[in-house]
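Chemist: Please find target_12.pdb (PDB, C-alpha atoms) on the next line:
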```pdb
ATOM      1  CA  MET A  19       0.000   0.000   0.000  1.00  0.00           C
ATOM      2  CA  ASP A  20       1.328   3.456  -0.801  1.00  0.00           C
ATOM      3  CA  GLN A  21       1.072   6.693   1.174  1.00  0.00           C
ATOM      4  CA  GLN A  22      -1.927   8.071  -0.797  1.00  0.00           C
ATOM      5  CA  THR A  23      -3.905   4.828  -0.529  1.00  0.00           C
ATOM      6  CA  LEU A  24      -3.275   4.573   3.223  1.00  0.00           C
ATOM      7  CA  LYS A  25      -4.373   8.174   3.745  1.00  0.00           C
ATOM      8  CA  ALA A  26      -7.480   7.601   1.591  1.00  0.00           C
ATOM      9  CA  VAL A  27      -8.402   4.484   3.573  1.00  0.00           C
ATOM     10  CA  GLN A  28      -7.829   6.106   6.961  1.00  0.00           C
ATOM     11  CA  ALA A  29      -9.260   9.588   6.248  1.00  0.00           C
ATOM     12  CA  PRO A  30     -12.965   8.702   6.627  1.00  0.00           C
ATOM     13  CA  VAL A  31     -12.246   6.689   9.763  1.00  0.00           C
ATOM     14  CA  LYS A  32     -10.293   9.567  11.309  1.00  0.00           C
ATOM     15  CA  GLN A  33     -13.077  11.992  10.362  1.00  0.00           C
ATOM     16  CA  LEU A  34     -15.656   9.719  11.994  1.00  0.00           C
ATOM     17  CA  TYR A  35     -13.635   9.578  15.221  1.00  0.00           C
ATOM     18  CA  GLN A  36     -13.166  13.352  15.210  1.00  0.00           C
ATOM     19  CA  SER A  37     -16.863  14.062  14.738  1.00  0.00           C
ATOM     20  CA  HIS A  38     -18.127  11.147  16.871  1.00  0.00           C
ATOM     21  CA  PRO A  39     -15.483  10.277  19.505  1.00  0.00           C
ATOM     22  CA  ALA A  40     -17.571   7.417  20.912  1.00  0.00           C
ATOM     23  CA  ALA A  41     -17.235   5.605  17.575  1.00  0.00           C
ATOM     24  CA  GLY A  42     -13.554   5.101  18.340  1.00  0.00           C
ATOM     25  CA  LEU A  43     -14.320   2.966  21.388  1.00  0.00           C
ATOM     26  CA  VAL A  44     -14.166  -0.646  20.264  1.00  0.00           C
ATOM     27  CA  VAL A  45     -14.259  -3.776  22.408  1.00  0.00           C
ATOM     28  CA  LEU A  46     -11.735  -6.399  21.317  1.00  0.00           C
ATOM     29  CA  GLU A  47     -12.301  -9.958  22.471  1.00  0.00           C
ATOM     30  CA  ALA A  48     -10.582 -13.287  22.637  1.00  0.00           C
ATOM     31  CA  ALA A  49     -11.956 -16.537  24.028  1.00  0.00           C
ATOM     32  CA  GLY A  50     -10.588 -20.004  24.335  1.00  0.00           C
ATOM     33  CA  GLU A  51     -11.701 -23.491  25.258  1.00  0.00           C
ATOM     34  CA  VAL A  52      -9.723 -24.958  28.157  1.00  0.00           C
ATOM     35  CA  ASP A  53      -8.259 -28.388  27.449  1.00  0.00           C
ATOM     36  CA  PHE A  54      -7.812 -30.215  30.746  1.00  0.00           C
ATOM     37  CA  GLU A  55      -6.467 -33.355  29.066  1.00  0.00           C
ATOM     38  CA  ARG A  56      -3.517 -31.570  27.423  1.00  0.00           C
ATOM     39  CA  ILE A  57      -3.252 -28.872  30.109  1.00  0.00           C
ATOM     40  CA  GLY A  58      -3.780 -26.077  27.627  1.00  0.00           C
ATOM     41  CA  CYS A  59      -6.267 -23.866  25.837  1.00  0.00           C
ATOM     42  CA  ARG A  60      -7.581 -23.727  22.272  1.00  0.00           C
ATOM     43  CA  VAL A  61      -7.960 -20.193  20.932  1.00  0.00           C
ATOM     44  CA  PRO A  62      -9.612 -19.672  17.525  1.00  0.00           C
ATOM     45  CA  LEU A  63      -8.153 -17.040  15.225  1.00  0.00           C
ATOM     46  CA  LEU A  64     -11.246 -15.453  13.717  1.00  0.00           C
ATOM     47  CA  ALA A  65      -9.287 -13.736  10.947  1.00  0.00           C
ATOM     48  CA  ASN A  66      -7.666 -17.062  10.049  1.00  0.00           C
ATOM     49  CA  ASN A  67     -10.801 -19.003   9.079  1.00  0.00           C
ATOM     50  CA  GLY A  68     -11.359 -19.970  12.708  1.00  0.00           C
ATOM     51  CA  ARG A  69      -8.217 -22.093  12.864  1.00  0.00           C
ATOM     52  CA  GLN A  70      -7.049 -22.578  16.398  1.00  0.00           C
ATOM     53  CA  ILE A  71      -3.885 -21.912  18.289  1.00  0.00           C
ATOM     54  CA  ILE A  72      -3.307 -24.740  20.734  1.00  0.00           C
ATOM     55  CA  ALA A  73      -1.506 -23.261  23.718  1.00  0.00           C
ATOM     56  CA  GLY A  74       0.015 -25.243  26.520  1.00  0.00           C
ATOM     57  CA  LEU A  75       2.877 -25.573  28.932  1.00  0.00           C
ATOM     58  CA  HIS A  76       6.318 -24.374  27.910  1.00  0.00           C
ATOM     59  CA  PRO A  77       8.992 -27.089  28.208  1.00  0.00           C
ATOM     60  CA  ALA A  78      10.460 -25.124  31.153  1.00  0.00           C
ATOM     61  CA  ALA A  79       7.120 -25.726  32.928  1.00  0.00           C
ATOM     62  CA  GLY A  80       6.837 -29.403  32.021  1.00  0.00           C
ATOM     63  CA  GLY A  81       5.381 -29.140  28.513  1.00  0.00           C
ATOM     64  CA  ASN A  82       6.567 -31.245  25.604  1.00  0.00           C
ATOM     65  CA  GLY A  83       7.082 -28.359  23.179  1.00  0.00           C
ATOM     66  CA  THR A  84       4.187 -29.231  20.858  1.00  0.00           C
ATOM     67  CA  ALA A  85       1.883 -26.437  22.047  1.00  0.00           C
ATOM     68  CA  ALA A  86       2.288 -22.681  21.748  1.00  0.00           C
ATOM     69  CA  CYS A  87       3.599 -20.928  24.859  1.00  0.00           C
ATOM     70  CA  SER A  88       1.404 -18.023  25.958  1.00  0.00           C
ATOM     71  CA  GLY A  89       4.480 -15.987  26.937  1.00  0.00           C
ATOM     72  CA  GLU A  90       5.873 -16.424  23.438  1.00  0.00           C
ATOM     73  CA  MET A  91       2.427 -15.592  22.027  1.00  0.00           C
ATOM     74  CA  LEU A  92       2.533 -12.331  24.001  1.00  0.00           C
ATOM     75  CA  LEU A  93       5.883 -11.538  22.382  1.00  0.00           C
ATOM     76  CA  GLN A  94       4.458 -12.519  18.978  1.00  0.00           C
ATOM     77  CA  ALA A  95       1.533 -10.141  19.538  1.00  0.00           C
ATOM     78  CA  LEU A  96       4.026  -7.400  20.392  1.00  0.00           C
ATOM     79  CA  VAL A  97       6.124  -8.140  17.286  1.00  0.00           C
ATOM     80  CA  SER A  98       3.100  -8.284  14.975  1.00  0.00           C
ATOM     81  CA  CYS A  99       1.699  -5.036  16.365  1.00  0.00           C
ATOM     82  CA  ALA A 100       5.045  -3.226  16.264  1.00  0.00           C
ATOM     83  CA  GLY A 101       5.684  -4.475  12.717  1.00  0.00           C
ATOM     84  CA  THR A 102       2.246  -3.420  11.501  1.00  0.00           C
ATOM     85  CA  THR A 103       2.592  -0.040  13.219  1.00  0.00           C
ATOM     86  CA  LEU A 104       6.082   0.446  11.755  1.00  0.00           C
ATOM     87  CA  ALA A 105       4.737  -0.288   8.256  1.00  0.00           C
ATOM     88  CA  ALA A 106       1.794   2.108   8.696  1.00  0.00           C
ATOM     89  CA  VAL A 107       3.948   4.910  10.107  1.00  0.00           C
ATOM     90  CA  ALA A 108       6.636   4.472   7.423  1.00  0.00           C
ATOM     91  CA  THR A 109       3.977   4.497   4.710  1.00  0.00           C
ATOM     92  CA  SER A 110       2.311   7.559   6.232  1.00  0.00           C
ATOM     93  CA  MET A 111       5.695   9.330   6.314  1.00  0.00           C
ATOM     94  CA  GLY A 112       6.351   8.373   2.678  1.00  0.00           C
ATOM     95  CA  LEU A 113       9.510   6.441   3.584  1.00  0.00           C
ATOM     96  CA  THR A 114      11.077   3.793   1.383  1.00  0.00           C
ATOM     97  CA  ILE A 115      12.252   0.771   3.353  1.00  0.00           C
ATOM     98  CA  GLN A 116      13.471  -2.284   1.480  1.00  0.00           C
ATOM     99  CA  SER A 117      12.896  -4.668   4.406  1.00  0.00           C
ATOM    100  CA  ALA A 118      12.387  -4.631   8.143  1.00  0.00           C
ATOM    101  CA  THR A 119      12.406  -7.184  10.920  1.00  0.00           C
ATOM    102  CA  VAL A 120      11.051  -6.806  14.438  1.00  0.00           C
ATOM    103  CA  LYS A 121      12.265  -9.075  17.231  1.00  0.00           C
ATOM    104  CA  ALA A 122      11.061  -9.246  20.834  1.00  0.00           C
ATOM    105  CA  THR A 123      12.999 -11.032  23.546  1.00  0.00           C
ATOM    106  CA  GLY A 124      11.582 -11.609  27.007  1.00  0.00           C
ATOM    107  CA  LYS A 125      13.216 -12.831  30.206  1.00  0.00           C
ATOM    108  CA  MET A 126      11.274 -15.017  32.589  1.00  0.00           C
ATOM    109  CA  ASP A 127      12.255 -17.059  35.639  1.00  0.00           C
ATOM    110  CA  PHE A 128      10.073 -20.161  35.647  1.00  0.00           C
ATOM    111  CA  ARG A 129      10.621 -20.667  39.379  1.00  0.00           C
ATOM    112  CA  GLY A 130       7.879 -18.067  39.926  1.00  0.00           C
ATOM    113  CA  THR A 131       5.177 -19.670  37.782  1.00  0.00           C
ATOM    114  CA  MET A 132       6.122 -23.150  39.010  1.00  0.00           C
ATOM    115  CA  GLY A 133       5.636 -22.093  42.652  1.00  0.00           C
ATOM    116  CA  VAL A 134       9.221 -22.996  43.520  1.00  0.00           C
ATOM    117  CA  SER A 135      10.047 -19.545  44.888  1.00  0.00           C
ATOM    118  CA  ARG A 136       7.512 -17.062  46.251  1.00  0.00           C
ATOM    119  CA  GLU A 137      10.128 -14.310  45.913  1.00  0.00           C
ATOM    120  CA  THR A 138      10.478 -14.901  42.170  1.00  0.00           C
ATOM    121  CA  PRO A 139       8.036 -12.865  40.034  1.00  0.00           C
ATOM    122  CA  VAL A 140       5.564 -14.716  37.835  1.00  0.00           C
ATOM    123  CA  GLY A 141       5.784 -13.738  34.186  1.00  0.00           C
ATOM    124  CA  LEU A 142       8.090 -11.786  31.958  1.00  0.00           C
ATOM    125  CA  THR A 143      10.203  -9.284  33.864  1.00  0.00           C
ATOM    126  CA  GLU A 144      12.111  -7.792  30.929  1.00  0.00           C
ATOM    127  CA  ILE A 145      11.155  -7.336  27.291  1.00  0.00           C
ATOM    128  CA  GLN A 146      13.405  -5.918  24.590  1.00  0.00           C
ATOM    129  CA  VAL A 147      12.131  -4.960  21.138  1.00  0.00           C
ATOM    130  CA  GLN A 148      14.628  -4.626  18.302  1.00  0.00           C
ATOM    131  CA  PHE A 149      14.072  -3.157  14.843  1.00  0.00           C
ATOM    132  CA  GLN A 150      16.327  -4.006  11.906  1.00  0.00           C
ATOM    133  CA  LEU A 151      15.732  -1.920   8.787  1.00  0.00           C
ATOM    134  CA  GLN A 152      17.265  -2.090   5.327  1.00  0.00           C
ATOM    135  CA  THR A 153      16.915   1.469   4.070  1.00  0.00           C
ATOM    136  CA  ALA A 154      18.838   4.486   2.831  1.00  0.00           C
ATOM    137  CA  ILE A 155      16.854   6.982   4.929  1.00  0.00           C
ATOM    138  CA  PRO A 156      18.874   9.117   7.377  1.00  0.00           C
ATOM    139  CA  GLN A 157      19.454   7.872  10.942  1.00  0.00           C
ATOM    140  CA  GLU A 158      17.425  10.725  12.484  1.00  0.00           C
ATOM    141  CA  THR A 159      14.440   9.734  10.320  1.00  0.00           C
ATOM    142  CA  ILE A 160      14.828   6.101  11.412  1.00  0.00           C
ATOM    143  CA  LEU A 161      14.872   7.237  15.047  1.00  0.00           C
ATOM    144  CA  LYS A 162      11.685   9.274  14.475  1.00  0.00           C
ATOM    145  CA  LEU A 163      10.050   6.280  12.766  1.00  0.00           C
ATOM    146  CA  VAL A 164      10.838   4.001  15.714  1.00  0.00           C
ATOM    147  CA  GLN A 165       9.736   6.672  18.201  1.00  0.00           C
ATOM    148  CA  LEU A 166       6.365   7.011  16.441  1.00  0.00           C
ATOM    149  CA  THR A 167       6.053   3.226  16.232  1.00  0.00           C
ATOM    150  CA  GLU A 168       6.566   3.002  19.997  1.00  0.00           C
ATOM    151  CA  ARG A 169       4.003   5.762  20.508  1.00  0.00           C
ATOM    152  CA  TYR A 170       1.252   4.157  18.400  1.00  0.00           C
ATOM    153  CA  CYS A 171       1.839   0.406  18.894  1.00  0.00           C
ATOM    154  CA  VAL A 172      -1.223  -0.838  20.786  1.00  0.00           C
ATOM    155  CA  VAL A 173       0.418  -3.877  22.381  1.00  0.00           C
ATOM    156  CA  LEU A 174       3.561  -1.979  23.393  1.00  0.00           C
ATOM    157  CA  ARG A 175       1.491   0.816  24.946  1.00  0.00           C
ATOM    158  CA  THR A 176      -0.713  -1.708  26.731  1.00  0.00           C
ATOM    159  CA  LEU A 177       2.339  -3.350  28.278  1.00  0.00           C
ATOM    160  CA  THR A 178       4.020  -0.084  29.298  1.00  0.00           C
ATOM    161  CA  ASP A 179       1.056   2.052  30.350  1.00  0.00           C
ATOM    162  CA  ASP A 180      -1.184   1.582  33.373  1.00  0.00           C
ATOM    163  CA  THR A 181      -3.779  -0.755  31.909  1.00  0.00           C
ATOM    164  CA  LYS A 182      -6.660  -1.695  34.196  1.00  0.00           C
ATOM    165  CA  LEU A 183      -7.046  -5.448  34.399  1.00  0.00           C
ATOM    166  CA  SER A 184      -9.662  -7.431  36.252  1.00  0.00           C
ATOM    167  CA  CYS A 185     -10.735 -11.061  36.493  1.00  0.00           C
ATOM    168  CA  SER A 186     -14.264 -12.269  37.180  1.00  0.00           C
ATOM    169  CA  ILE A 187     -16.320 -15.442  37.170  1.00  0.00           C
ATOM    170  CA  LEU A 188     -19.246 -15.702  34.764  1.00  0.00           C
ATOM    171  CA  ASP A 189     -22.343 -17.779  35.399  1.00  0.00           C
ATOM    172  CA  PRO A 190     -22.513 -20.931  33.245  1.00  0.00           C
TER     173      PRO A 190
END
```
What's the C-alpha cells form of this structure?
Modeler:
Amino acid sequence: MDQQTLKAVQAPVKQLYQSHPAAGLVVLEAAGEVDFERIGCRVPLLANNGRQIIAGLHPAAGGNGTAACSGEMLLQALVSCAGTTLAAVATSMGLTIQSATVKATGKMDFRGTMGVSRETPVGLTEIQVQFQLQTAIPQETILKLVQLTERYCVVLRTLTDDTKLSCSILDP
C-alpha cells in the first residue's frame, strides 16, 4: 500500500472519530476453550478461518514443546503489532524501506510460575524490542520512525502504560 492509498483508507475513519469520539471505542475480544487433558487452551483465530492456536505448557514448565507458549504468544503479539505499526507509520511518512524485521525477547524465571520460589516474580520481567531496517533513509528519520512506532503500537502501549485489568467469574 502506498502513502496516498493509506491516507485515503484512513481519512474517513479519522473523520468519523473526530466528529463522533464514541465511535472510536471498540471492544476487542478473545476466548478459548480450556483443554484439561492436554493442560492447555484452544484459541480460535477469527481472521484465520477460525483455525485454532493450541496453547500449553512451555517445556520449562513441564510441557513437551508441541503447544504454543502463551508468553511467546505475548511476544508474537508485540512483534506483529510493532511491525504493523512500523509499516503504517513508514507508509504515512512516505519512507522507502526495502525490508524490516522486528524481534522481541523476554526474560522469565520459571521458578515463579512453578511455585518454587515465592520471591520470584511470575511472568516476563524484561522485554526488549529490536528493529532491523534495510533502508537508505537518514538515521534521524529512522529514530523518528521508531519513536512514532513506539508511541502508536497498541500492544507496546498496553504493556508499558497503566492498563486496568480485572478477572471475574461468569455464570454458566
Chemist: Distance atom CA of Leu161 of chain A-atom CA of Thr103 of chain A, one decimal place?
Modeler: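 Taking atom CA of Leu161 of chain A and atom CA of Thr103 of chain A, their separation equals 14.4 Å.
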Chemist: Could you list, as an NGL selection string, every residue within 9 Å of segment 41-52 of chain A, counting all atoms listed in the file and ignoring same-chain residues fewer than 3 positions away?
Modeler: :A and (31-32 or 34-38 or 57-63)
Chemist: Please determine, counting only C-alpha atoms, which residue among A:Gly101, A:Pro139, A:Gly83, A:Gly112 has the shortest atom-to-atom distance to Val173 of chain A.
Modeler: A:Gly101
Chemist: State, in Å with one decimal place, the distance from atom CA of Leu75 of chain A to atom CA of Cys87 of chain A.
Modeler: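 According to the coordinates, atom CA of Leu75 of chain A and atom CA of Cys87 of chain A are separated by 6.2 Å.
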Chemist: Nearest to Leu177 of chain A among A:Ala86, A:Val134, A:Ala65, A:Leu142, with distances taken over all atoms listed in the file: which residue is it?
Modeler: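 Once distances to Leu177 of chain A are computed over all atoms listed in the file, the minimum belongs to A:Leu142.
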Chemist: So, counting all atoms listed in the file, which residue among A:Ala100, A:Met91, A:Gln116, A:Asp53 is closest to Ala154 of chain A?
Modeler: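 Comparing A:Ala100, A:Met91, A:Gln116, A:Asp53 against Ala154 of chain A, the winner is A:Gln116.
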Chemist: Between A:Met111, A:Val140, A:Ala40, A:Ala73, single out the one closest to Phe54 of chain A, counting all atoms listed in the file.
Modeler: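 Of the candidates, the smallest distance to Phe54 of chain A is held by A:Ala73.
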Chemist: Written as a PyMOL selection string, what is the full residue list that the PyMOL selection byres ((chain A and resi 144) around 10) yields on the file shown?
Modeler: chain A and resi 123-126+141-143+145-146
Chemist: Only C-alpha atoms, please: the residues just picked out, written as an mmCIF file, in the coordinates of the input.
Modeler:
```
data_model
loop_
_atom_site.group_PDB
_atom_site.id
_atom_site.type_symbol
_atom_site.label_atom_id
_atom_site.label_comp_id
_atom_site.auth_asym_id
_atom_site.auth_seq_id
_atom_site.Cartn_x
_atom_site.Cartn_y
_atom_site.Cartn_z
ATOM 1 C CA THR A 123 12.999 -11.032 23.546
ATOM 2 C CA GLY A 124 11.582 -11.609 27.007
ATOM 3 C CA LYS A 125 13.216 -12.831 30.206
ATOM 4 C CA MET A 126 11.274 -15.017 32.589
ATOM 5 C CA GLY A 141 5.784 -13.738 34.186
ATOM 6 C CA LEU A 142 8.090 -11.786 31.958
ATOM 7 C CA THR A 143 10.203 -9.284 33.864
ATOM 8 C CA ILE A 145 11.155 -7.336 27.291
ATOM 9 C CA GLN A 146 13.405 -5.918 24.590
#
```
Chemist: Segment 155-160 of chain A: which residues within 8 Å, counting only C-alpha atoms, same-chain residues fewer than 3 positions away excluded, as a tab-separated table (two decimals) with C-alpha atoms, in the coordinates of the input?
Modeler:
```
chain	number	residue	atom	x	y	z
A	113	LEU	CA	9.51	6.44	3.58
A	114	THR	CA	11.08	3.79	1.38
A	115	ILE	CA	12.25	0.77	3.35
A	163	LEU	CA	10.05	6.28	12.77
A	164	VAL	CA	10.84	4.00	15.71
```
Chemist: Skipping near chain neighbours, those fewer than 6 positions away, what residues fall within 10 Å of Lys162 of chain A using all atoms listed in the file, listed as a ChimeraX atom specification?
Modeler: /A:107-108,168
Chemist: Restricting the output to C-alpha atoms, write the selected residues as a PDB file, keeping the file's coordinate frame.
Modeler:
```pdb
ATOM      1  CA  VAL A 107       3.948   4.910  10.107  1.00  0.00           C
ATOM      2  CA  ALA A 108       6.636   4.472   7.423  1.00  0.00           C
ATOM      3  CA  GLU A 168       6.566   3.002  19.997  1.00  0.00           C
TER       4      GLU A 168
END
```
Chemist: Expressed in Å to a single decimal, how great is the separation between atom CA of Val172 of chain A and atom CA of Ala122 of chain A?
Modeler: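 A separation of 14.9 Å between them.
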Chemist: Can you work out which one of A:Val147, A:Ala95, A:Met132, A:Leu188 has the shortest atom-to-atom distance to Thr176 of chain A, counting only C-alpha atoms?
Modeler: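 Using only C-alpha atoms, the shortest distance to Thr176 of chain A belongs to A:Ala95.
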Chemist: Please provide as a PyMOL selection string all residues within 8 Å of Phe149 of chain A, with the sequence filter that same-chain residues fewer than 5 positions apart are discarded (counting only C-alpha atoms).
Modeler: chain A and resi 118-121+164
